[in-house]
>>> print(open('query12.txt').read())   # compact mmCIF, C-alpha atoms
# COMPACT_ATOMS: atom_id res chain seq x y z
CA VAL A 1 -25.93 13.17 10.76
CA ASP A 2 -25.64 11.13 13.94
CA GLY A 3 -22.10 10.96 15.32
CA VAL A 4 -20.69 13.48 12.84
CA ASP A 5 -19.49 16.95 13.77
CA THR A 6 -21.43 18.88 11.14
CA SER A 7 -19.43 22.02 11.90
CA LEU A 8 -16.68 20.47 9.76
CA LEU A 9 -19.02 20.07 6.77
CA ALA A 10 -19.97 22.67 4.21
CA ALA A 11 -22.41 22.37 1.34
CA VAL A 12 -21.10 23.01 -2.17
CA ALA A 13 -23.40 25.20 -4.23
CA LEU A 14 -24.24 22.95 -7.18
CA PRO A 15 -27.23 21.66 -9.13
CA ALA A 16 -28.35 18.17 -8.06
CA ALA A 17 -25.31 15.92 -8.44
CA GLY A 18 -25.43 12.38 -9.77
CA ASP A 19 -21.75 11.49 -9.34
CA VAL A 20 -18.77 12.93 -7.46
CA SER A 21 -15.07 12.09 -7.34
CA ALA A 22 -12.12 13.44 -5.35
CA GLY A 23 -8.50 13.53 -6.46
CA ARG A 24 -5.45 14.50 -4.43
CA THR A 25 -6.19 18.24 -4.53
CA HIS A 26 -9.18 18.61 -6.84
CA SER A 27 -12.81 17.50 -7.05
CA LEU A 28 -15.33 16.72 -9.76
CA ALA A 29 -19.12 16.64 -9.71
CA LEU A 30 -21.51 15.41 -12.39
CA THR A 31 -25.04 16.79 -12.38
CA LEU A 32 -28.15 14.82 -13.25
CA GLN A 33 -28.22 16.79 -16.53
CA GLY A 34 -24.79 15.51 -17.55
CA GLU A 35 -22.87 18.70 -16.79
CA VAL A 36 -19.46 18.61 -15.10
CA TYR A 37 -18.26 20.99 -12.38
CA ALA A 38 -14.66 21.06 -11.13
CA TRP A 39 -12.78 22.86 -8.38
CA GLY A 40 -9.48 22.82 -6.50
CA SER A 41 -5.92 22.72 -7.83
CA ASN A 42 -5.40 23.17 -11.55
CA VAL A 43 -1.58 23.12 -11.73
CA HIS A 44 -1.58 20.33 -14.34
CA GLY A 45 -4.85 21.30 -16.01
CA GLN A 46 -6.84 18.64 -14.13
CA LEU A 47 -9.87 20.93 -13.94
CA GLY A 48 -10.02 21.20 -17.71
CA LEU A 49 -9.46 24.96 -17.49
CA ALA A 50 -6.69 26.89 -19.22
CA ALA A 51 -5.55 28.98 -16.26
CA GLU A 52 -3.26 27.14 -13.85
CA LYS A 53 -4.58 29.02 -10.82
CA PRO A 54 -6.67 27.06 -8.30
CA HIS A 55 -10.43 27.45 -8.32
CA PRO A 56 -11.94 27.43 -4.82
CA GLN A 57 -15.49 27.26 -6.18
CA PRO A 58 -17.03 24.83 -8.72
CA ARG A 59 -16.59 25.83 -12.35
CA LEU A 60 -18.70 24.46 -15.20
CA LEU A 61 -16.73 22.59 -17.88
CA CYS A 62 -17.69 22.52 -21.55
CA LEU A 63 -16.46 19.39 -23.30
CA THR A 64 -17.98 20.11 -26.72
CA SER A 65 -14.95 22.10 -27.91
CA ALA A 66 -12.65 19.34 -26.66
CA VAL A 67 -14.57 16.76 -28.69
CA GLU A 68 -14.38 18.89 -31.81
CA ALA A 69 -10.64 19.47 -31.32
CA ALA A 70 -10.06 15.75 -30.84
CA LEU A 71 -11.87 14.90 -34.06
CA GLU A 72 -9.87 17.49 -35.99
CA ALA A 73 -6.65 16.05 -34.58
CA GLU A 74 -7.71 12.53 -35.55
CA GLU A 75 -8.47 13.58 -39.08
CA ALA A 76 -5.07 15.24 -39.36
CA ALA A 77 -3.39 12.13 -37.91
CA ALA A 78 -5.10 9.98 -40.52
CA GLU A 79 -3.24 11.82 -43.29
CA PRO A 80 0.26 10.65 -44.30
CA ALA A 81 2.74 11.70 -41.68
CA GLU A 82 5.59 13.85 -42.94
CA ALA A 83 7.32 14.48 -39.63
CA GLU A 84 10.60 12.74 -38.91
CA ALA A 85 10.26 9.55 -36.93
CA ALA A 86 11.12 9.73 -33.24
CA GLU A 87 13.17 7.05 -31.54
CA GLY A 88 12.36 4.17 -29.19
CA LEU A 89 9.08 4.07 -27.29
CA ALA A 90 8.03 7.51 -28.48
CA ALA A 91 8.13 6.37 -32.13
CA GLU A 92 6.16 3.20 -31.39
CA ALA A 93 3.59 5.03 -29.31
CA GLU A 94 3.15 7.74 -31.95
CA ALA A 95 2.69 5.16 -34.69
CA GLN A 96 0.06 3.35 -32.64
CA ARG A 97 -1.62 6.63 -31.72
CA ARG A 98 -1.90 7.67 -35.37
CA GLY A 99 -3.22 4.28 -36.37
CA ARG A 100 -5.83 4.23 -33.64
CA ALA A 101 -6.87 7.80 -34.36
CA SER A 102 -7.38 6.92 -38.00
CA ARG A 103 -9.45 3.81 -37.19
CA ALA A 104 -11.51 5.62 -34.57
CA THR A 105 -12.37 8.43 -36.97
CA GLY A 106 -13.71 5.93 -39.48
CA GLN A 107 -15.57 3.78 -36.96
CA TRP A 108 -17.50 5.70 -34.36
CA ALA A 109 -15.70 8.84 -33.21
CA LEU A 110 -17.57 11.04 -35.69
CA ARG A 111 -20.81 10.21 -33.88
CA GLN A 112 -19.52 11.83 -30.70
CA LEU A 113 -20.55 15.33 -31.75
CA VAL A 114 -24.20 14.36 -31.24
CA GLY A 115 -24.87 14.79 -27.55
CA SER A 116 -21.15 14.97 -26.88
CA SER A 117 -21.53 17.25 -23.88
CA ALA A 118 -23.50 14.60 -21.96
CA VAL A 119 -21.14 12.98 -19.45
CA VAL A 120 -22.28 9.88 -17.58
CA GLN A 121 -19.34 9.36 -15.19
CA VAL A 122 -16.41 11.34 -13.78
CA ALA A 123 -13.27 10.06 -12.07
CA ALA A 124 -10.47 12.04 -10.40
CA GLY A 125 -6.94 10.67 -10.15
CA HIS A 126 -4.14 12.23 -8.17
CA LEU A 127 -3.46 14.87 -10.82
CA HIS A 128 -5.75 14.01 -13.74
CA SER A 129 -9.44 13.77 -14.51
CA VAL A 130 -11.43 11.29 -16.59
CA PHE A 131 -14.81 11.83 -18.24
CA LEU A 132 -16.97 9.10 -19.75
CA LEU A 133 -19.37 10.36 -22.38
CA ARG A 134 -22.76 8.91 -23.23
CA THR A 135 -21.30 7.61 -26.48
CA GLY A 136 -18.71 5.51 -24.62
CA ALA A 137 -15.85 7.84 -25.51
CA VAL A 138 -13.34 8.58 -22.74
CA TYR A 139 -11.73 12.01 -22.34
CA CYS A 140 -8.88 12.85 -19.94
CA CYS A 141 -7.12 16.02 -18.86
CA GLY A 142 -4.45 17.03 -16.37
CA ALA A 143 -1.09 15.39 -15.71
CA GLY A 144 0.07 13.18 -18.57
CA SER A 145 3.75 12.52 -17.91
CA ALA A 146 3.03 8.85 -17.20
CA GLY A 147 0.64 8.47 -20.13
CA GLU A 148 -2.46 8.65 -17.94
CA LEU A 149 -4.39 10.64 -20.58
CA GLY A 150 -4.34 7.66 -22.96
CA ASP A 151 -3.71 9.42 -26.27
CA GLY A 152 -0.13 8.26 -26.78
CA ARG A 153 1.48 11.46 -25.57
CA LEU A 154 3.44 12.06 -22.37
CA SER A 155 2.46 15.63 -21.64
CA ASP A 156 -0.04 17.54 -19.50
CA SER A 157 -3.18 18.99 -21.04
CA ALA A 158 -5.79 21.39 -19.72
CA THR A 159 -7.92 20.51 -22.74
CA PRO A 160 -9.53 17.08 -22.36
CA ARG A 161 -8.03 14.62 -24.85
CA ARG A 162 -9.80 11.54 -26.14
CA ALA A 163 -8.18 8.33 -24.96
CA LEU A 164 -7.52 6.15 -27.99
CA LEU A 165 -9.60 3.20 -26.92
CA ASP A 166 -10.67 1.02 -29.85
CA LEU A 167 -14.19 0.45 -28.50
CA PRO A 168 -16.75 2.29 -26.35
CA ALA A 169 -16.40 2.10 -22.59
CA ARG A 170 -19.04 1.27 -19.98
CA ALA A 171 -17.21 2.68 -16.94
CA VAL A 172 -13.95 4.35 -15.96
CA ALA A 173 -11.70 4.68 -12.92
CA ALA A 174 -8.76 6.97 -12.18
CA GLY A 175 -5.84 5.81 -10.04
CA GLY A 176 -2.86 7.76 -8.81
CA PHE A 177 -1.19 7.87 -12.20
CA HIS A 178 -3.16 5.31 -14.22
CA THR A 179 -6.60 5.05 -15.76
CA LEU A 180 -8.92 2.06 -16.21
CA ALA A 181 -11.84 1.59 -18.58
CA LEU A 182 -14.38 -1.21 -18.67
CA GLY A 183 -15.02 -1.89 -22.36
CA GLU A 184 -18.37 -2.75 -23.85
CA ASP A 185 -16.95 -6.26 -24.27
CA ARG A 186 -16.66 -6.46 -20.43
CA ALA A 187 -12.86 -6.62 -20.63
CA VAL A 188 -10.65 -4.15 -18.76
CA TYR A 189 -8.29 -1.73 -20.48
CA GLY A 190 -5.79 0.61 -18.90
CA TRP A 191 -3.13 3.21 -19.55
CA GLY A 192 -0.63 5.31 -17.62
CA SER A 193 1.79 4.17 -14.92
CA ALA A 194 2.53 0.44 -15.10
CA ALA A 195 5.58 0.22 -12.84
CA CYS A 196 3.86 -1.73 -10.06
CA GLY A 197 1.73 -4.04 -12.19
CA GLN A 198 -1.44 -1.98 -11.82
CA LEU A 199 -2.08 -2.41 -15.56
CA GLY A 200 -1.35 -6.14 -15.56
CA ARG A 201 1.09 -7.88 -17.92
CA TRP A 202 4.10 -6.14 -16.36
CA ARG A 203 7.25 -6.19 -18.46
CA PRO A 204 10.76 -5.41 -17.19
CA HIS A 205 11.70 -1.73 -17.46
CA GLU A 206 8.16 -0.78 -18.45
CA ALA A 207 7.33 2.33 -16.44
CA PHE A 208 4.22 3.44 -18.30
CA ARG A 209 1.83 2.76 -21.16
CA PRO A 210 0.62 5.88 -22.95
CA LEU A 211 -2.03 3.97 -24.94
CA PRO A 212 -4.89 1.74 -23.80
CA THR A 213 -3.93 -1.94 -23.48
CA LEU A 214 -5.76 -4.99 -22.23
CA VAL A 215 -5.33 -5.25 -18.46
CA ALA A 216 -6.96 -8.50 -17.54
CA ALA A 217 -8.50 -11.72 -18.63
CA VAL A 218 -9.59 -12.80 -15.21
CA SER A 219 -9.58 -16.57 -15.14
CA SER A 220 -5.87 -17.16 -15.51
CA ALA A 221 -2.69 -16.29 -13.67
CA GLU A 222 -1.79 -14.04 -16.57
CA ALA A 223 -3.53 -11.51 -18.76
CA PHE A 224 -3.87 -12.32 -22.43
CA PRO A 225 -2.57 -9.85 -25.04
CA CYS A 226 -5.24 -10.68 -27.58
CA PRO A 227 -9.02 -10.21 -27.06
CA ALA A 228 -9.69 -13.26 -29.24
CA ARG A 229 -8.27 -15.48 -26.48
CA ARG A 230 -10.74 -14.31 -23.84
CA GLY A 231 -13.57 -16.67 -24.82
CA GLY A 232 -15.54 -18.11 -21.94
CA LEU A 233 -13.87 -16.02 -19.23
CA PRO A 234 -15.81 -14.29 -16.43
CA LYS A 235 -17.03 -10.87 -17.43
CA ILE A 236 -16.15 -7.76 -15.45
CA ALA A 237 -18.94 -5.69 -13.90
CA ALA A 238 -16.94 -2.83 -12.38
CA VAL A 239 -13.43 -1.39 -12.10
CA CYS A 240 -11.77 0.57 -9.32
CA ALA A 241 -8.33 2.18 -9.09
CA GLY A 242 -6.22 2.98 -6.03
CA ALA A 243 -3.04 5.01 -6.02
CA HIS A 244 -0.94 2.17 -7.46
CA HIS A 245 -3.31 -0.82 -7.60
CA SER A 246 -6.43 -1.90 -9.45
CA LEU A 247 -9.56 -3.81 -8.40
CA LEU A 248 -11.83 -5.75 -10.76
CA LEU A 249 -15.31 -6.92 -9.83
CA THR A 250 -16.68 -9.84 -11.83
CA GLN A 251 -20.35 -10.29 -12.62
CA ASP A 252 -20.56 -13.16 -10.14
CA GLY A 253 -19.37 -10.90 -7.30
CA ALA A 254 -15.71 -11.97 -7.05
CA VAL A 255 -12.96 -9.36 -6.62
CA TRP A 256 -9.60 -9.57 -8.37
CA SER A 257 -6.64 -7.26 -7.72
CA CYS A 258 -3.26 -6.36 -9.17
CA GLY A 259 -0.58 -3.74 -8.70
CA LYS A 260 1.30 -2.51 -5.65
CA GLY A 261 0.82 -4.63 -2.53
CA THR A 262 2.09 -2.15 0.06
CA ALA A 263 0.32 -2.59 3.42
CA GLY A 264 -1.59 -5.55 2.00
CA ALA A 265 -3.66 -3.44 -0.41
CA LEU A 266 -4.21 -6.38 -2.79
CA GLY A 267 -5.85 -8.56 -0.15
CA HIS A 268 -3.78 -11.69 -0.87
CA GLY A 269 -2.32 -12.02 2.61
CA GLY A 270 1.04 -10.43 1.85
CA ARG A 271 2.61 -7.21 0.70
CA ALA A 272 4.09 -8.31 -2.62
CA ASP A 273 3.22 -6.57 -5.86
CA SER A 274 1.33 -8.54 -8.50
CA ALA A 275 1.02 -7.82 -12.21
CA ALA A 276 -1.23 -10.84 -12.68
CA PRO A 277 -4.79 -10.11 -11.51
CA ARG A 278 -5.62 -12.59 -8.75
CA ALA A 279 -8.88 -13.38 -7.00
CA ILE A 280 -9.05 -12.32 -3.36
CA SER A 281 -9.61 -15.70 -1.75
CA ALA A 282 -10.69 -14.25 1.59
CA LEU A 283 -13.86 -13.00 -0.14
CA LYS A 284 -14.70 -16.39 -1.62
CA GLY A 285 -18.34 -17.26 -1.07
CA LEU A 286 -19.38 -13.61 -0.79
CA ARG A 287 -21.11 -11.66 -3.52
CA VAL A 288 -19.46 -8.25 -3.54
CA VAL A 289 -21.55 -5.43 -5.01
CA ALA A 290 -19.28 -2.39 -4.66
CA MET A 291 -15.59 -1.54 -4.20
CA ALA A 292 -13.41 1.41 -3.23
CA ALA A 293 -9.64 1.84 -3.32
CA GLY A 294 -7.45 4.39 -1.55
CA GLN A 295 -3.75 5.10 -1.31
CA VAL A 296 -2.76 1.71 0.18
CA GLN A 297 -6.10 0.19 1.16
CA SER A 298 -9.14 -1.43 -0.45
>>> encode(input="query12.txt", output="structure tokens")
Amino acid sequence: VDGVDTSLLAAVALPAAGDVSAGRTHSLALTLQGEVYAWGSNVHGQLGLAAEKPHPQPRLLCLTSAVEAALEAEEAAAEPAEAEAAEGLAAEAEAQRRGRASRATGQWALRQLVGSSAVVQVAAGHLHSVFLLRTGAVYCCGAGSAGELGDGRLSDSATPRRALLDLPARAVAAGGFHTLALGEDRAVYGWGSAACGQLGRWRPHEAFRPLPTLVAAVSSAEAFPCPARRGGLPKIAAVCAGAHHSLLLTQDGAVWSCGKGTAGALGHGGRADSAAPRAISALKGLRVVAMAAGQVQS
């Protein structure tokens, strides 16, 4: 490669890859056959492997067992709960998680066992990993203390858990401690850390959201809580997540941003945080086709 010191590069022994993603200390690769390889740090289970030790070489992941386990858990959650109710946010999140698990089991989750091992996209966050299946189901593993796994729990998991999204996803993105999904309805949903407004609709004292919620209805200064109120709004074509901010690309090529504004990462001319997704006016008149987000840059 012209201008690049190739002595610093090393090829990774893998089948032909169709998608790659790098987290803080781990990497993911998706082959053209829909298989996932992972390597690097596994302290929080972000490689989807039981052992916490790091893996310096790519290891093949098998998601079929994770899908089966998720379905069994959903079926159990659909039965009357006999456990004592927890308090505060934990009780609310658990109630929502059980309700969503029950609905998902009856709607389309049971179809995931057919071709469930076929992954179409991978995304690596700082300490977690996200896998989008051909069916539109989203599975996450790794660090979960901020709710970034999306199943209502606040714990790490080396076994990929199904995010309790009420509809299939078209695309996913993994931020530092949050996750985004582009729904089949072209709306954006997110879960995990919400402290900086990266999930939109920021509420005082809300540090995280352990379940998927609507992030943006991108034609207003605020995001709407109800999908029924999104009629006639621009549809989203792609999502991207930085460490603490989110980028949304509309079908007409406009870019909207929300979250932490450190170093001007949101592109609005200042450094203030924003929970309301706003169009980046400096890109007006341009048709953007791709985005990328880093720690404090876009």
>>> atom_distance(input="query12.txt", atom1="CA of Leu167 in chain A", atom2="CA of Ala207 in chain A")
24.7 Å
>>> atom_distance(input="query12.txt", atom1="CA of Asp252 in chain A", atom2="CA of Leu286 in chain A")
9.4 Å
>>> residues_near_point(input="query12.txt", point="(-11.7, 1.7, -1.4)", cutoff="10 Å", atoms="all atoms listed in the file", output="list in words")
Cys240, Ala241, Gly242, Leu247, Ala265, Ala290, Met291, Ala292, Ala293, Gly294, Gln295, Val296, Gln297 and Ser298 of chain A
>>> residues_near_point(input="query12.txt", point="(4.5, 3.6, -13.5)", cutoff="6 Å", atoms="all atoms listed in the file", output="PDB file with C-alpha atoms, keeping the file's coordinate frame")
ATOM      1  CA  SER A 193       1.790   4.170 -14.920  1.00  0.00           C
ATOM      2  CA  ALA A 194       2.530   0.440 -15.100  1.00  0.00           C
ATOM      3  CA  ALA A 195       5.580   0.220 -12.840  1.00  0.00           C
ATOM      4  CA  ALA A 207       7.330   2.330 -16.440  1.00  0.00           C
ATOM      5  CA  PHE A 208       4.220   3.440 -18.300  1.00  0.00           C
TER       6      PHE A 208
END
>>> residues_around(input="query12.txt", residues="Leu32 in chain A", least_positions_apart="6", cutoff="9 Å", atoms="all atoms listed in the file", output="number ranges by chain")
A: 15-19, 120
>>> residues_around(input="query12.txt", residues="Gly264 in chain A", least_positions_apart="3", cutoff="12 Å", atoms="all atoms listed in the file", output="number ranges by chain")
A: 245, 257-261, 267-274, 280, 295-298
>>> axis_aligned_box(input="query12.txt", around="range 140-158 of chain A", padding_each_side="5 Å", output="JSON")
{"center_x": -2.6, "center_y": 14.5, "center_z": -21.2, "size_x": 22.6, "size_y": 23.7, "size_z": 21.1}
>>> closest_atom_pairs(input="query12.txt", of="range 154-202 of chain A", to="range 43-61 of chain A", cutoff="10 Å", atoms="only C-alpha atoms", output="CSV")
residue,atom,partner,partner_atom,distance
A:Ser155,CA,A:His44,CA,9.6
A:Asp156,CA,A:His44,CA,6.1
A:Ser157,CA,A:Gly45,CA,5.8
A:Ala158,CA,A:Gly45,CA,3.8
A:Thr159,CA,A:Gly48,CA,5.5
A:Pro160,CA,A:Gly48,CA,6.2
A:Arg161,CA,A:Gly48,CA,9.9
>>> atom_distance(input="query12.txt", atom1="CA of Ala237 in chain A", atom2="CA of Ala263 in chain A")
26.1 Å
>>> closest_residue(input="query12.txt", among="A:Gly34, A:Gly183, A:Gly150, A:Gly197", to="Arg278 in chain A", atoms="all atoms listed in the file")
A:Gly197
>>> residues_around(input="query12.txt", residues="Ser27 in chain A", least_positions_apart="4", cutoff="6 Å", atoms="all atoms listed in the file", output="PyMOL selection string")
chain A and resi 21-23+38-39
>>> write_last_selection(input="query12.txt", atoms="C-alpha atoms", output="mmCIF file, in the coordinates of the input")
data_model
loop_
_atom_site.group_PDB
_atom_site.id
_atom_site.type_symbol
_atom_site.label_atom_id
_atom_site.label_comp_id
_atom_site.auth_asym_id
_atom_site.auth_seq_id
_atom_site.Cartn_x
_atom_site.Cartn_y
_atom_site.Cartn_z
ATOM 1 C CA SER A 21 -15.070 12.090 -7.340
ATOM 2 C CA ALA A 22 -12.120 13.440 -5.350
ATOM 3 C CA GLY A 23 -8.500 13.530 -6.460
ATOM 4 C CA ALA A 38 -14.660 21.060 -11.130
ATOM 5 C CA TRP A 39 -12.780 22.860 -8.380
#
>>> residues_around(input="query12.txt", residues="Leu180 in chain A", least_positions_apart="2", cutoff="8 Å", atoms="all atoms listed in the file", output="list in words")
Val172, Ala173, Ala174, Gly175, His178, Leu182, Val188, Tyr189, Gly190, Trp191, Val239, Cys240 and Ala241 of chain A
>>> closest_residue(input="query12.txt", among="A:Cys140, A:Leu133, A:Leu127, A:Ala276", to="Ser41 in chain A", atoms="all atoms listed in the file")
A:Leu127
>>> closest_residue(input="query12.txt", among="A:Gln198, A:Thr31, A:Thr213, A:Thr250", to="Leu266 in chain A", atoms="all atoms listed in the file")
A:Gln198
>>> closest_residue(input="query12.txt", among="A:Leu164, A:Ala254, A:Leu28, A:Val288", to="Phe131 in chain A", atoms="only C-alpha atoms")
A:Leu28
>>> decode(input="query12.txt", residues="range 287-297 of chain A", atoms="all heavy atoms", output="mmCIF file, in the first residue's frame")
data_model
loop_
_atom_site.group_PDB
_atom_site.id
_atom_site.type_symbol
_atom_site.label_atom_id
_atom_site.label_comp_id
_atom_site.auth_asym_id
_atom_site.auth_seq_id
_atom_site.Cartn_x
_atom_site.Cartn_y
_atom_site.Cartn_z
ATOM 1 N N ARG A 287 -24.941 15.010 0.104
ATOM 2 C CA ARG A 287 -25.600 13.717 0.284
ATOM 3 C C ARG A 287 -24.573 12.735 0.847
ATOM 4 O O ARG A 287 -23.741 12.204 0.120
ATOM 5 C CB ARG A 287 -26.174 13.198 -1.029
ATOM 6 C CG ARG A 287 -27.011 11.935 -0.854
ATOM 7 C CD ARG A 287 -27.654 11.483 -2.146
ATOM 8 N NE ARG A 287 -28.472 10.305 -1.933
ATOM 9 C CZ ARG A 287 -29.746 10.326 -1.557
ATOM 10 N NH1 ARG A 287 -30.333 11.500 -1.354
ATOM 11 N NH2 ARG A 287 -30.426 9.221 -1.379
ATOM 12 N N VAL A 288 -24.621 12.554 2.155
ATOM 13 C CA VAL A 288 -23.680 11.670 2.835
ATOM 14 C C VAL A 288 -24.082 10.218 2.579
ATOM 15 O O VAL A 288 -25.265 9.871 2.616
ATOM 16 C CB VAL A 288 -23.660 11.968 4.350
ATOM 17 C CG1 VAL A 288 -22.739 10.997 5.087
ATOM 18 C CG2 VAL A 288 -23.220 13.415 4.588
ATOM 19 N N VAL A 289 -23.082 9.375 2.339
ATOM 20 C CA VAL A 289 -23.373 7.962 2.048
ATOM 21 C C VAL A 289 -22.812 7.012 3.098
ATOM 22 O O VAL A 289 -23.177 5.829 3.122
ATOM 23 C CB VAL A 289 -22.832 7.568 0.654
ATOM 24 C CG1 VAL A 289 -23.546 8.377 -0.429
ATOM 25 C CG2 VAL A 289 -21.318 7.775 0.572
ATOM 26 N N ALA A 290 -21.915 7.490 3.964
ATOM 27 C CA ALA A 290 -21.336 6.624 4.989
ATOM 28 C C ALA A 290 -20.884 7.477 6.173
ATOM 29 O O ALA A 290 -20.579 8.657 6.003
ATOM 30 C CB ALA A 290 -20.172 5.820 4.445
ATOM 31 N N MET A 291 -20.824 6.868 7.345
ATOM 32 C CA MET A 291 -20.413 7.561 8.567
ATOM 33 C C MET A 291 -19.497 6.673 9.387
ATOM 34 O O MET A 291 -19.488 5.449 9.231
ATOM 35 C CB MET A 291 -21.630 7.887 9.441
ATOM 36 C CG MET A 291 -22.784 8.601 8.785
ATOM 37 S SD MET A 291 -24.169 8.795 9.943
ATOM 38 C CE MET A 291 -24.626 7.062 10.262
ATOM 39 N N ALA A 292 -18.719 7.292 10.268
ATOM 40 C CA ALA A 292 -17.917 6.572 11.250
ATOM 41 C C ALA A 292 -17.792 7.456 12.487
ATOM 42 O O ALA A 292 -17.731 8.684 12.376
ATOM 43 C CB ALA A 292 -16.532 6.231 10.695
ATOM 44 N N ALA A 293 -17.761 6.831 13.647
ATOM 45 C CA ALA A 293 -17.672 7.590 14.897
ATOM 46 C C ALA A 293 -16.616 6.962 15.792
ATOM 47 O O ALA A 293 -16.556 5.739 15.933
ATOM 48 C CB ALA A 293 -19.016 7.605 15.616
ATOM 49 N N GLY A 294 -15.782 7.820 16.406
ATOM 50 C CA GLY A 294 -14.738 7.330 17.299
ATOM 51 C C GLY A 294 -15.010 7.750 18.733
ATOM 52 O O GLY A 294 -16.159 7.967 19.124
ATOM 53 N N GLN A 295 -13.942 7.904 19.483
ATOM 54 C CA GLN A 295 -14.065 8.266 20.885
ATOM 55 C C GLN A 295 -14.717 9.639 21.035
ATOM 56 O O GLN A 295 -15.737 9.797 21.717
ATOM 57 C CB GLN A 295 -12.693 8.270 21.551
ATOM 58 C CG GLN A 295 -12.688 8.601 23.034
ATOM 59 C CD GLN A 295 -13.152 7.450 23.908
ATOM 60 O OE1 GLN A 295 -13.186 6.296 23.451
ATOM 61 N NE2 GLN A 295 -13.491 7.730 25.147
ATOM 62 N N VAL A 296 -14.154 10.663 20.397
ATOM 63 C CA VAL A 296 -14.698 12.022 20.474
ATOM 64 C C VAL A 296 -14.657 12.694 19.108
ATOM 65 O O VAL A 296 -14.507 13.910 19.000
ATOM 66 C CB VAL A 296 -13.930 12.879 21.509
ATOM 67 C CG1 VAL A 296 -14.212 12.407 22.918
ATOM 68 C CG2 VAL A 296 -12.422 12.859 21.225
ATOM 69 N N GLN A 297 -14.804 11.906 18.048
ATOM 70 C CA GLN A 297 -14.804 12.474 16.703
ATOM 71 C C GLN A 297 -15.782 11.719 15.812
ATOM 72 O O GLN A 297 -16.189 10.600 16.116
ATOM 73 C CB GLN A 297 -13.389 12.455 16.090
ATOM 74 C CG GLN A 297 -12.942 11.118 15.530
ATOM 75 C CD GLN A 297 -12.308 10.206 16.553
ATOM 76 O OE1 GLN A 297 -12.442 10.402 17.745
ATOM 77 N NE2 GLN A 297 -11.618 9.179 16.071
#
